[in-house]
Amino acid sequence: MTIETATDLGDFFKTDDFAVAATYTAAGESAATINVLFDVPFDSVPLDTGEVNVESNTPTCLCQTTDVSAAAHGDVIVISSTTYHVVGVQADSGSGYQGTTLLVLEEQ
């Protein structure tokens, strides 16, 4: 499916389908409720030794860029009563969908 309009994109961020509500606070700004696609994917990275992999679960949330246009490291987002700090911001190319920003999170 091609996402051609903001309305098309907005359909993915409806809480009755895929998204969850989150409270996002950018540094120095007031908190705002936004809808995000939250995920905690598993990652396994092999070390050069070939004997051990580093494994982790890194929480991320995909947001509409219009909701987090000034996202930066250290911003705070609360999802399902859990507080996270933003440790990575990947606009457009990071998620593969124009008009979205992927926030890499760290649980606090």
# chains A, B, ... in the order shown; residues from 1 in each chain; ligands from 1
call {"tool": "residues_around", "arguments": {"residues": "A:Ser80", "least_positions_apart": "2", "cutoff": "10 Å", "atoms": "only C-alpha atoms", "output": "PDB file with N, CA and C atoms, in the first residue's frame"}}
result
ATOM      1  N   VAL A  20      -0.891   3.265  20.070  1.00  0.00           N
ATOM      2  CA  VAL A  20      -1.210   3.493  21.474  1.00  0.00           C
ATOM      3  C   VAL A  20      -0.963   4.970  21.772  1.00  0.00           C
ATOM      4  N   ALA A  21      -1.699   5.489  22.733  1.00  0.00           N
ATOM      5  CA  ALA A  21      -1.508   6.883  23.148  1.00  0.00           C
ATOM      6  C   ALA A  21      -0.267   6.974  24.022  1.00  0.00           C
ATOM      7  N   ALA A  22       0.485   8.051  23.852  1.00  0.00           N
ATOM      8  CA  ALA A  22       1.700   8.296  24.635  1.00  0.00           C
ATOM      9  C   ALA A  22       1.741   9.762  25.016  1.00  0.00           C
ATOM     10  N   THR A  23       2.431  10.057  26.110  1.00  0.00           N
ATOM     11  CA  THR A  23       2.634  11.444  26.523  1.00  0.00           C
ATOM     12  C   THR A  23       4.071  11.809  26.201  1.00  0.00           C
ATOM     13  N   VAL A  78       6.098   8.803  27.764  1.00  0.00           N
ATOM     14  CA  VAL A  78       5.497   7.834  28.680  1.00  0.00           C
ATOM     15  C   VAL A  78       4.504   7.001  27.880  1.00  0.00           C
ATOM     16  N   THR A  82       5.004   3.594  31.561  1.00  0.00           N
ATOM     17  CA  THR A  82       6.450   3.417  31.631  1.00  0.00           C
ATOM     18  C   THR A  82       7.121   4.634  31.001  1.00  0.00           C
ATOM     19  N   THR A  83       8.111   5.193  31.711  1.00  0.00           N
ATOM     20  CA  THR A  83       8.808   6.386  31.241  1.00  0.00           C
ATOM     21  C   THR A  83      10.065   5.995  30.484  1.00  0.00           C
TER      22      THR A  83
END
call {"tool": "select_by_dssp", "arguments": {"residues": "chain A", "states": "helix (DSSP H, G or I)", "output": "list in words"}}
result
Ala6, Thr7, Asp8, Leu9, Gly10, Asp11, Thr65, Thr66, Asp67, Asp92, Ser93 and Gly94 of chain A
call {"tool": "select_by_dssp", "arguments": {"residues": "chain A", "states": "strand (DSSP E or B)", "output": "PyMOL selection string"}}
result
chain A and resi 20-25+32-39+42-46+53-57+60-64+76-79+82-91+100-107
call {"tool": "residues_around", "arguments": {"residues": "A:Val87", "least_positions_apart": "6", "cutoff": "8 Å", "atoms": "only C-alpha atoms", "output": "ChimeraX atom specification"}}
result
/A:72-74,103-106
call {"tool": "closest_residue", "arguments": {"among": "A:Asp17, A:Asp92, A:Asp11, A:Asp48", "to": "A:Ser69", "atoms": "only C-alpha atoms"}}
result
A:Asp92
call {"tool": "atom_distance", "arguments": {"atom1": "atom CA of A:Gly99", "atom2": "atom CA of A:Phe18"}}
result
16.9 Å
call {"tool": "residues_around", "arguments": {"residues": "A:Leu9", "least_positions_apart": "6", "cutoff": "12 Å", "atoms": "only C-alpha atoms", "output": "list in words"}}
result
Met1, Thr2, Ile3, Phe18, Ala19, Asn35, Val36, Leu37, Leu62, Cys63, Gln64, Thr65, Thr66, Tyr97, Gln98, Gly99 and Thr100 of chain A
call {"tool": "atom_distance", "arguments": {"atom1": "atom CA of A:Thr58", "atom2": "atom CA of A:Glu29"}}
result
25.6 Å
call {"tool": "closest_residue", "arguments": {"among": "A:Val68, A:Gln108, A:Val76, A:Val40", "to": "A:Ala91", "atoms": "only C-alpha atoms"}}
result
A:Val68
call {"tool": "closest_residue", "arguments": {"among": "A:Glu107, A:Ala32, A:Val86, A:Ala71", "to": "A:Asn57", "atoms": "only C-alpha atoms"}}
result
A:Glu107
call {"tool": "closest_residue", "arguments": {"among": "A:Val89, A:Ala6, A:Cys61, A:Ser56", "to": "A:Phe38", "atoms": "only C-alpha atoms"}}
result
A:Cys61
call {"tool": "atom_distance", "arguments": {"atom1": "atom CA of A:Ala27", "atom2": "atom CA of A:Thr60"}}
result
18.8 Å
call {"tool": "closest_residue", "arguments": {"among": "A:Ala70, A:Ile79, A:Gly88, A:Leu102", "to": "A:Ala26", "atoms": "only C-alpha atoms"}}
result
A:Ala70
